[in-house]
$ cat run-v7.cif   # mmCIF, C-alpha atoms
data_input
#
loop_
_atom_site.group_PDB
_atom_site.id
_atom_site.type_symbol
_atom_site.label_atom_id
_atom_site.label_comp_id
_atom_site.auth_asym_id
_atom_site.auth_seq_id
_atom_site.Cartn_x
_atom_site.Cartn_y
_atom_site.Cartn_z
ATOM 1 C CA MET A 1 41.999 40.403 34.958
ATOM 2 C CA PRO A 2 40.659 41.722 38.270
ATOM 3 C CA ASP A 3 41.571 45.161 39.537
ATOM 4 C CA ARG A 4 44.693 45.142 41.636
ATOM 5 C CA GLY A 5 45.034 46.815 44.964
ATOM 6 C CA PRO A 6 48.115 48.768 45.976
ATOM 7 C CA VAL A 7 51.428 46.966 46.055
ATOM 8 C CA LEU A 8 52.461 46.503 49.684
ATOM 9 C CA ARG A 9 55.663 45.524 51.416
ATOM 10 C CA HIS A 10 55.872 42.127 53.059
ATOM 11 C CA ASP A 11 54.589 42.190 56.645
ATOM 12 C CA HIS A 12 57.591 40.403 58.195
ATOM 13 C CA VAL A 13 59.016 42.175 61.259
ATOM 14 C CA GLY A 14 62.618 42.186 62.460
ATOM 15 C CA ARG A 15 65.595 40.187 61.284
ATOM 16 C CA PRO A 16 65.616 37.345 58.763
ATOM 17 C CA HIS A 17 64.708 33.997 60.251
ATOM 18 C CA ALA A 18 67.714 32.657 62.168
ATOM 19 C CA LEU A 19 67.577 29.314 60.344
ATOM 20 C CA ALA A 20 67.694 31.095 56.983
ATOM 21 C CA SER A 21 70.834 32.955 58.060
ATOM 22 C CA LEU A 22 72.496 29.746 59.236
ATOM 23 C CA LEU A 23 71.659 28.031 55.954
ATOM 24 C CA GLU A 24 73.069 30.734 53.645
ATOM 25 C CA PRO A 25 75.968 28.432 52.623
ATOM 26 C CA ARG A 26 73.376 26.416 50.696
ATOM 27 C CA ALA A 27 74.021 28.985 47.956
ATOM 28 C CA LEU A 28 76.873 26.692 46.868
ATOM 29 C CA LEU A 29 74.367 23.910 46.266
ATOM 30 C CA GLU A 30 72.110 26.292 44.343
ATOM 31 C CA MET A 31 75.027 27.209 42.095
ATOM 32 C CA ALA A 32 75.804 23.548 41.497
ATOM 33 C CA LEU A 33 72.183 22.873 40.558
ATOM 34 C CA LEU A 34 71.994 25.674 37.976
ATOM 35 C CA PRO A 35 72.535 23.263 35.018
ATOM 36 C CA ALA A 36 69.346 21.473 36.075
ATOM 37 C CA SER A 37 67.479 24.697 35.222
ATOM 38 C CA LEU A 38 68.453 24.590 31.542
ATOM 39 C CA PRO A 39 64.957 23.593 30.334
ATOM 40 C CA LEU A 40 63.480 26.506 32.289
ATOM 41 C CA LEU A 41 66.104 28.949 31.024
ATOM 42 C CA SER A 42 65.725 27.750 27.443
ATOM 43 C CA ALA A 43 61.993 28.459 27.628
ATOM 44 C CA ALA A 44 62.555 32.045 28.836
ATOM 45 C CA PRO A 45 61.661 34.711 26.247
ATOM 46 C CA ARG A 46 64.348 36.270 24.080
ATOM 47 C CA GLY A 47 65.076 39.946 24.424
ATOM 48 C CA ASP A 48 64.943 42.842 21.995
ATOM 49 C CA GLY A 49 68.627 43.739 22.287
ATOM 50 C CA HIS A 50 68.285 46.767 24.556
ATOM 51 C CA PRO A 51 71.124 47.524 27.002
ATOM 52 C CA VAL A 52 71.066 45.942 30.461
ATOM 53 C CA LEU A 53 73.351 47.142 33.258
ATOM 54 C CA LEU A 54 74.150 44.679 36.070
ATOM 55 C CA MET A 55 75.289 45.730 39.550
ATOM 56 C CA PRO A 56 76.857 43.399 42.156
ATOM 57 C CA GLY A 57 76.050 43.073 45.833
ATOM 58 C CA PHE A 58 78.053 44.160 48.839
ATOM 59 C CA MET A 59 81.618 42.771 48.838
ATOM 60 C CA ALA A 60 81.082 41.292 45.365
ATOM 61 C CA ASP A 61 82.448 42.307 41.982
ATOM 62 C CA GLU A 62 81.574 41.687 38.341
ATOM 63 C CA LYS A 63 82.626 38.027 38.587
ATOM 64 C CA SER A 64 79.612 37.333 40.815
ATOM 65 C CA LEU A 65 77.368 38.378 37.917
ATOM 66 C CA ILE A 66 78.730 35.812 35.466
ATOM 67 C CA ALA A 67 75.589 33.642 35.336
ATOM 68 C CA LEU A 68 73.290 36.620 34.807
ATOM 69 C CA LYS A 69 75.657 38.133 32.260
ATOM 70 C CA LEU A 70 76.058 35.002 30.135
ATOM 71 C CA PHE A 71 72.393 34.055 30.317
ATOM 72 C CA LEU A 72 71.087 37.490 29.342
ATOM 73 C CA ARG A 73 73.606 37.787 26.511
ATOM 74 C CA ARG A 74 72.391 34.452 25.148
ATOM 75 C CA LYS A 75 68.882 35.877 25.288
ATOM 76 C CA GLY A 76 69.967 38.708 23.019
ATOM 77 C CA TYR A 77 70.546 41.626 25.397
ATOM 78 C CA ASP A 78 73.408 44.105 25.236
ATOM 79 C CA VAL A 79 74.712 43.325 28.724
ATOM 80 C CA HIS A 80 77.136 45.500 30.710
ATOM 81 C CA THR A 81 78.445 45.439 34.283
ATOM 82 C CA TRP A 82 78.948 48.557 36.316
ATOM 83 C CA GLY A 83 82.730 48.663 35.840
ATOM 84 C CA LEU A 84 83.424 50.108 39.294
ATOM 85 C CA GLY A 85 85.150 47.082 40.794
ATOM 86 C CA ARG A 86 84.171 45.488 44.071
ATOM 87 C CA ASN A 87 81.076 46.890 45.785
ATOM 88 C CA LEU A 88 82.431 48.020 49.145
ATOM 89 C CA GLY A 89 79.266 49.784 50.189
ATOM 90 C CA PHE A 90 78.137 53.301 49.569
ATOM 91 C CA ARG A 91 80.821 55.431 47.968
ATOM 92 C CA SER A 92 80.151 58.932 46.679
ATOM 93 C CA LYS A 93 82.295 58.213 43.625
ATOM 94 C CA HIS A 94 80.032 55.260 42.765
ATOM 95 C CA ALA A 95 76.870 57.298 43.198
ATOM 96 C CA SER A 96 78.330 59.949 40.893
ATOM 97 C CA ALA A 97 79.757 57.586 38.281
ATOM 98 C CA LEU A 98 76.690 55.386 37.925
ATOM 99 C CA PRO A 99 74.365 58.009 36.365
ATOM 100 C CA GLN A 100 77.154 58.870 33.935
ATOM 101 C CA LYS A 101 77.416 55.196 32.939
ATOM 102 C CA ILE A 102 73.657 54.983 32.397
ATOM 103 C CA ARG A 103 73.611 58.149 30.287
ATOM 104 C CA TYR A 104 76.557 56.897 28.252
ATOM 105 C CA LEU A 105 74.855 53.575 27.455
ATOM 106 C CA HIS A 106 71.663 55.406 26.555
ATOM 107 C CA HIS A 107 73.594 57.756 24.282
ATOM 108 C CA VAL A 108 75.656 55.167 22.393
ATOM 109 C CA THR A 109 72.783 52.710 21.923
ATOM 110 C CA GLY A 110 69.958 55.176 21.460
ATOM 111 C CA ARG A 111 67.814 53.020 23.739
ATOM 112 C CA LYS A 112 66.712 53.101 27.353
ATOM 113 C CA VAL A 113 68.700 50.997 29.811
ATOM 114 C CA SER A 114 67.349 48.301 32.131
ATOM 115 C CA LEU A 115 69.034 48.090 35.540
ATOM 116 C CA VAL A 116 69.429 44.806 37.430
ATOM 117 C CA GLY A 117 70.963 44.963 40.904
ATOM 118 C CA TRP A 118 71.698 42.157 43.346
ATOM 119 C CA SER A 119 71.512 43.025 47.064
ATOM 120 C CA LEU A 120 73.140 46.437 47.607
ATOM 121 C CA GLY A 121 73.490 46.631 43.826
ATOM 122 C CA GLY A 122 69.724 47.064 43.695
ATOM 123 C CA VAL A 123 69.990 50.128 45.908
ATOM 124 C CA PHE A 124 72.595 51.568 43.547
ATOM 125 C CA SER A 125 70.195 50.805 40.674
ATOM 126 C CA LEU A 126 67.555 53.000 42.280
ATOM 127 C CA TYR A 127 70.122 55.738 42.962
ATOM 128 C CA GLY A 128 71.142 55.690 39.322
ATOM 129 C CA ALA A 129 67.596 55.568 38.019
ATOM 130 C CA GLN A 130 66.328 58.506 40.047
ATOM 131 C CA ASN A 131 68.981 60.719 38.434
ATOM 132 C CA THR A 132 68.484 59.426 34.887
ATOM 133 C CA LEU A 133 64.763 58.707 34.609
ATOM 134 C CA GLU A 134 64.693 59.637 30.941
ATOM 135 C CA CYS A 135 67.352 56.982 30.227
ATOM 136 C CA VAL A 136 65.970 54.033 32.239
ATOM 137 C CA ARG A 137 63.518 51.430 30.963
ATOM 138 C CA ASN A 138 62.975 49.450 34.169
ATOM 139 C CA VAL A 139 64.647 48.381 37.425
ATOM 140 C CA ILE A 140 64.895 44.836 38.816
ATOM 141 C CA THR A 141 66.248 44.241 42.313
ATOM 142 C CA LEU A 142 67.314 40.871 43.760
ATOM 143 C CA GLY A 143 67.092 40.682 47.545
ATOM 144 C CA SER A 144 67.925 44.393 47.846
ATOM 145 C CA PRO A 145 67.336 46.513 50.989
ATOM 146 C CA VAL A 146 65.142 49.038 49.191
ATOM 147 C CA SER A 147 62.795 49.871 52.104
ATOM 148 C CA VAL A 148 64.893 50.417 55.223
ATOM 149 C CA ASP A 149 62.865 52.103 57.972
ATOM 150 C CA ALA A 150 63.817 54.763 60.506
ATOM 151 C CA ALA A 151 64.836 52.046 62.977
ATOM 152 C CA GLY A 152 67.633 51.061 60.604
ATOM 153 C CA SER A 153 68.694 47.859 58.902
ATOM 154 C CA GLN A 154 67.364 44.599 60.292
ATOM 155 C CA SER A 155 70.047 42.492 58.654
ATOM 156 C CA PRO A 156 71.869 40.054 60.977
ATOM 157 C CA PRO A 157 74.416 41.640 63.381
ATOM 158 C CA ALA A 158 77.334 40.000 61.569
ATOM 159 C CA VAL A 159 76.332 41.639 58.293
ATOM 160 C CA ARG A 160 75.980 45.053 59.895
ATOM 161 C CA ALA A 161 79.338 44.645 61.651
ATOM 162 C CA LEU A 162 81.036 43.756 58.358
ATOM 163 C CA TYR A 163 79.531 46.812 56.689
ATOM 164 C CA ARG A 164 80.773 49.030 59.520
ATOM 165 C CA LEU A 165 84.241 47.528 59.237
ATOM 166 C CA VAL A 166 84.543 47.756 55.459
ATOM 167 C CA SER A 167 82.418 50.702 54.442
ATOM 168 C CA HIS A 168 80.968 53.056 57.032
ATOM 169 C CA ARG A 169 80.881 53.266 60.808
ATOM 170 C CA LEU A 170 77.085 53.779 60.702
ATOM 171 C CA GLY A 171 76.575 50.410 59.066
ATOM 172 C CA PRO A 172 74.186 49.567 56.193
ATOM 173 C CA THR A 173 71.859 52.488 56.915
ATOM 174 C CA ALA A 174 74.622 54.913 55.901
ATOM 175 C CA HIS A 175 73.533 54.892 52.268
ATOM 176 C CA VAL A 176 69.969 55.788 53.266
ATOM 177 C CA MET A 177 71.186 58.839 55.196
ATOM 178 C CA GLN A 178 72.855 60.396 52.165
ATOM 179 C CA PRO A 179 71.126 63.559 50.841
ATOM 180 C CA ARG A 180 70.860 62.008 47.377
ATOM 181 C CA ALA A 181 68.913 59.110 48.929
ATOM 182 C CA LYS A 182 66.010 61.294 50.060
ATOM 183 C CA THR A 183 63.600 59.641 47.622
ATOM 184 C CA LEU A 184 64.520 56.180 48.902
ATOM 185 C CA ARG A 185 64.487 57.258 52.546
ATOM 186 C CA GLU A 186 60.985 58.695 52.204
ATOM 187 C CA HIS A 187 59.781 55.548 50.394
ATOM 188 C CA ARG A 188 58.800 57.554 47.332
ATOM 189 C CA ARG A 189 58.813 55.288 44.305
ATOM 190 C CA LEU A 190 60.094 56.111 40.862
ATOM 191 C CA ALA A 191 57.617 56.373 38.011
ATOM 192 C CA ILE A 192 59.274 53.525 36.108
ATOM 193 C CA PRO A 193 58.552 49.793 36.133
ATOM 194 C CA THR A 194 60.213 48.263 39.191
ATOM 195 C CA SER A 195 60.293 44.557 40.096
ATOM 196 C CA CYS A 196 61.585 43.557 43.541
ATOM 197 C CA LEU A 197 62.437 39.866 43.865
ATOM 198 C CA TYR A 198 62.639 38.616 47.447
ATOM 199 C CA SER A 199 62.878 35.322 49.319
ATOM 200 C CA LEU A 200 61.558 34.264 52.696
ATOM 201 C CA GLY A 201 64.669 32.072 52.828
ATOM 202 C CA ASP A 202 66.948 35.104 52.507
ATOM 203 C CA GLY A 203 69.238 35.074 55.529
ATOM 204 C CA VAL A 204 70.726 38.533 54.891
ATOM 205 C CA VAL A 205 67.961 40.976 53.893
ATOM 206 C CA PRO A 206 64.543 40.481 55.553
ATOM 207 C CA PRO A 207 61.498 40.491 53.256
ATOM 208 C CA GLN A 208 60.033 43.753 54.545
ATOM 209 C CA GLU A 209 63.226 45.519 53.425
ATOM 210 C CA ALA A 210 63.437 43.752 50.064
ATOM 211 C CA THR A 211 59.903 44.748 49.047
ATOM 212 C CA ILE A 212 58.190 48.063 48.310
ATOM 213 C CA ASP A 213 54.876 49.835 48.512
ATOM 214 C CA GLY A 214 53.783 51.155 45.164
ATOM 215 C CA ASP A 215 51.467 51.466 42.201
ATOM 216 C CA PRO A 216 50.469 48.105 40.678
ATOM 217 C CA ALA A 217 50.691 49.693 37.234
ATOM 218 C CA LEU A 218 54.435 50.178 37.731
ATOM 219 C CA HIS A 219 55.683 48.289 40.791
ATOM 220 C CA GLU A 220 55.661 44.702 42.009
ATOM 221 C CA ASN A 221 57.140 42.342 44.578
ATOM 222 C CA ILE A 222 57.813 38.787 43.421
ATOM 223 C CA ARG A 223 58.550 36.035 45.904
ATOM 224 C CA VAL A 224 61.190 33.500 44.864
ATOM 225 C CA PRO A 225 62.743 30.479 46.603
ATOM 226 C CA GLY A 226 66.363 30.313 47.707
ATOM 227 C CA SER A 227 69.129 31.965 49.669
ATOM 228 C CA HIS A 228 70.429 35.528 49.439
ATOM 229 C CA LEU A 229 73.908 34.543 48.269
ATOM 230 C CA GLY A 230 72.492 32.263 45.603
ATOM 231 C CA LEU A 231 70.038 34.656 43.944
ATOM 232 C CA GLY A 232 72.291 35.411 40.983
ATOM 233 C CA PHE A 233 72.694 31.680 40.241
ATOM 234 C CA ASN A 234 69.084 30.674 40.879
ATOM 235 C CA GLY A 235 67.441 29.329 37.733
ATOM 236 C CA ILE A 236 63.975 30.558 38.724
ATOM 237 C CA VAL A 237 65.352 34.026 39.439
ATOM 238 C CA LEU A 238 67.164 34.148 36.098
ATOM 239 C CA ALA A 239 64.007 33.080 34.260
ATOM 240 C CA ILE A 240 61.932 35.749 36.032
ATOM 241 C CA VAL A 241 64.526 38.423 35.220
ATOM 242 C CA ALA A 242 64.319 37.426 31.550
ATOM 243 C CA ASP A 243 60.521 37.583 31.692
ATOM 244 C CA ARG A 244 60.605 41.077 33.190
ATOM 245 C CA LEU A 245 63.210 42.378 30.743
ATOM 246 C CA ALA A 246 61.177 41.065 27.814
ATOM 247 C CA GLN A 247 58.245 43.336 28.648
ATOM 248 C CA PRO A 248 57.687 45.739 25.718
ATOM 249 C CA GLU A 249 58.861 49.263 26.399
ATOM 250 C CA GLY A 250 55.887 51.401 27.338
ATOM 251 C CA ALA A 251 53.639 48.348 27.717
ATOM 252 C CA TRP A 252 54.879 46.840 30.990
ATOM 253 C CA LYS A 253 52.527 44.452 32.787
ATOM 254 C CA PRO A 254 52.860 42.799 36.220
ATOM 255 C CA PHE A 255 54.335 39.328 36.446
ATOM 256 C CA GLN A 256 51.869 36.619 35.430
ATOM 257 C CA PRO A 257 53.979 33.510 34.761
ATOM 258 C CA GLN A 258 52.769 31.047 32.174
ATOM 259 C CA GLY A 259 53.994 27.716 30.867
ATOM 260 C CA LEU A 260 56.936 25.968 32.479
ATOM 261 C CA LEU A 261 57.996 29.032 34.503
ATOM 262 C CA GLY A 262 54.493 29.368 35.920
ATOM 263 C CA ARG A 263 54.377 25.730 36.977
ATOM 264 C CA VAL A 264 57.847 25.767 38.541
ATOM 265 C CA TRP A 265 57.322 29.099 40.257
ATOM 266 C CA ARG A 266 53.988 28.071 41.774
ATOM 267 C CA ALA A 267 55.483 24.786 42.999
ATOM 268 C CA THR A 268 58.489 26.422 44.669
ATOM 269 C CA ALA A 269 57.485 29.941 45.727
ATOM 270 C CA GLY A 270 53.855 29.490 46.677
ATOM 271 C CA GLY A 271 52.235 31.099 43.704
ATOM 272 C CA GLY A 272 49.553 33.128 45.475
ATOM 273 C CA ARG A 273 48.805 36.760 44.758
ATOM 274 C CA GLN A 274 50.473 37.660 48.049
ATOM 275 C CA ASP A 275 53.632 36.045 46.724
ATOM 276 C CA LEU A 276 53.427 38.130 43.582
ATOM 277 C CA HIS A 277 52.595 41.588 44.827
ATOM 278 C CA SER A 278 52.313 41.624 48.616
ATOM 279 C CA ALA A 279 49.018 43.381 48.019
ATOM 280 C CA ALA A 280 45.413 43.156 49.036
ATOM 281 C CA VAL A 281 43.599 42.641 45.720
#
$ encode --input "run-v7.cif" --output "C-alpha cells"
Amino acid sequence: MPDRGPVLRHDHVGRPHALASLLEPRALLEMALLPASLPLLSAAPRGDGHPVLLMPGFMADEKSLIALKLFLRRKGYDVHTWGLGRNLGFRSKHASALPQKIRYLHHVTGRKVSLVGWSLGGVFSLYGAQNTLECVRNVITLGSPVSVDAAGSQSPPAVRALYRLVSHRLGPTAHVMQPRAKTLREHRRLAIPTSCLYSLGDGVVPPQEATIDGDPALHENIRVPGSHLGLGFNGIVLAIVADRLAQPEGAWKPFQPQGLLGRVWRATAGGGRQDLHSAAV
C-alpha cells in the first residue's frame, strides 16, 4: 500500500449546494429503499460484541436511530443510545452526562466504547471522547459539523434560524464557543481512530465542515451518497459503519472497501482516494 499523505478537509467553500438543500426530502425515498440494501448489509462483517453508543442529530431522538440500532445489534454489538431524550442542541447537562455514560458502559462491560453520532450527535461524540479517551475505542460521525471555522456555521439560513429559536441565540456555532470545546475549536484531533462520513448531496452540513484534517494512521474522511436526513437509513452508510466498527482494537486501518461494498461504494460515491481521505497521497 502506498504511503498516505495527511488527511485533509474537503475544499468546498460556503453553504451546501442549493439544489441539495431543496432535495433533502428525498430522505423519505432513501428510507423506503433500505430493504433493497439487504444483500449489502448481510455481507457486512459481524462485530466482536463491544459496546456501541449512538447519538441522534439536532431535533431528533432515539427513535431516529432505529435502523442503526437494529442493524448493529444483529451484527453482534452491544448497542446503546444516549438516553438524554431529544437533541435540542448544546446543553451543558448533556455535555456533562455523556462522559458519565461512556465511563459507565466501559465499567460494566470492561471494554472500550465506540461512539457513532449523526449530525450534531457526532459533535457530542467528540465532546464525550475528549473527556474519556481511555474508555473510547473509536468515533464515527455521519454528516457532523466537526470543523466549523471562525466565520461560523455555513449551514443554510433556515437551519441556523431553527437552532437559534430552539437552542441558542448564537445559532449552531454556540457549541463551538463553549470552553470545553477548545480542542474542537482549534481543530486539534483526538488520538483515537475517527471516521467522518460526508456527502456532497448533504443539504444541511457542507462537506468542509463534515470533514477533518488529521493523521492518516488515525483519521479519515469517507464520501458517501445521499441526503443529510437520510444518512441513518442509508444502506451504504450502515455497511460502512459496520466495516469501521469491525476493525480490531489497536489495529485500526483506513477504509479500503472490498467485495460487494467496494463495488457499490465505488459506483455511487466516486471511489477515488479523494473520496476516501480528502488527502493528497
$ residues_near_point --input "run-v7.cif" --point "(75.8, 53.6, 38.3)" --cutoff "12 Å" --atoms "all atoms listed in the file" --output "number ranges by chain"
A: 52-56, 80-85, 87, 90-105, 113-117, 121-132, 136
$ closest_residue --input "run-v7.cif" --among "A:Cys196, A:Val13, A:Ala269, A:Leu218" --to "Asp149 in chain A" --atoms "all atoms listed in the file"
A:Val13
$ residues_around --input "run-v7.cif" --residues "Leu238 in chain A" --least-positions-apart "4" --cutoff "9 Å" --atoms "only C-alpha atoms" --output "NGL selection string"
:A and (41 or 44 or 67-68 or 71-72 or 231-234 or 242-243)
$ atom_distance --input "run-v7.cif" --atom1 "CA of Gln247 in chain A" --atom2 "CA of Leu229 in chain A"
26.6 Å
$ axis_aligned_box --input "run-v7.cif" --around "range 24-30 of chain A" --padding-each-side "6 Å" --output "JSON"
{"center_x": 74.5, "center_y": 27.3, "center_z": 49.0, "size_x": 16.8, "size_y": 18.8, "size_z": 21.3}
$ resolve_selection --input "run-v7.cif" --expression "the PyMOL selection byres ((chain A and resi 19) around 12)" --output "PyMOL selection string"
chain A and resi 15-18+20-26+156+200-204+227
$ residues_around --input "run-v7.cif" --residues "Ile240 in chain A" --least-positions-apart "3" --cutoff "12 Å" --atoms "only C-alpha atoms" --output "PyMOL selection string"
chain A and resi 40-41+43-45+68+72+116+140-142+195-198+221-225+231-232+234-237+243-247+254-258+260-262+264-265+276
$ atom_distance --input "run-v7.cif" --atom1 "CA of Leu38 in chain A" --atom2 "CA of Ala239 in chain A"
10.0 Å
$ atom_distance --input "run-v7.cif" --atom1 "CA of Lys75 in chain A" --atom2 "CA of His106 in chain A"
19.8 Å
$ closest_residue --input "run-v7.cif" --among "A:Gly259, A:Pro35, A:Pro206, A:Gly110" --to "Val148 in chain A" --atoms "only C-alpha atoms"
A:Pro206
$ closest_residue --input "run-v7.cif" --among "A:Ser153, A:Asn138, A:Thr109, A:Thr211" --to "Gly250 in chain A" --atoms "all atoms listed in the file"
A:Asn138
$ closest_residue --input "run-v7.cif" --among "A:His219, A:Arg160, A:Arg263, A:His228" --to "Leu8 in chain A" --atoms "only C-alpha atoms"
A:His219
$ residues_near_point --input "run-v7.cif" --point "(70.0, 45.4, 27.4)" --cutoff "6 Å" --atoms "all atoms listed in the file" --output "number ranges by chain"
A: 49-52, 77-79
$ write_last_selection --input "run-v7.cif" --atoms "C-alpha atoms" --output "PDB file, keeping the file's coordinate frame"
ATOM      1  CA  GLY A  49      68.627  43.739  22.287  1.00  0.00           C
ATOM      2  CA  HIS A  50      68.285  46.767  24.556  1.00  0.00           C
ATOM      3  CA  PRO A  51      71.124  47.524  27.002  1.00  0.00           C
ATOM      4  CA  VAL A  52      71.066  45.942  30.461  1.00  0.00           C
ATOM      5  CA  TYR A  77      70.546  41.626  25.397  1.00  0.00           C
ATOM      6  CA  ASP A  78      73.408  44.105  25.236  1.00  0.00           C
ATOM      7  CA  VAL A  79      74.712  43.325  28.724  1.00  0.00           C
TER       8      VAL A  79
END
$ closest_residue --input "run-v7.cif" --among "A:Asp11, A:Asp48, A:Asp215, A:Glu62" --to "Pro193 in chain A" --atoms "all atoms listed in the file"
A:Asp215
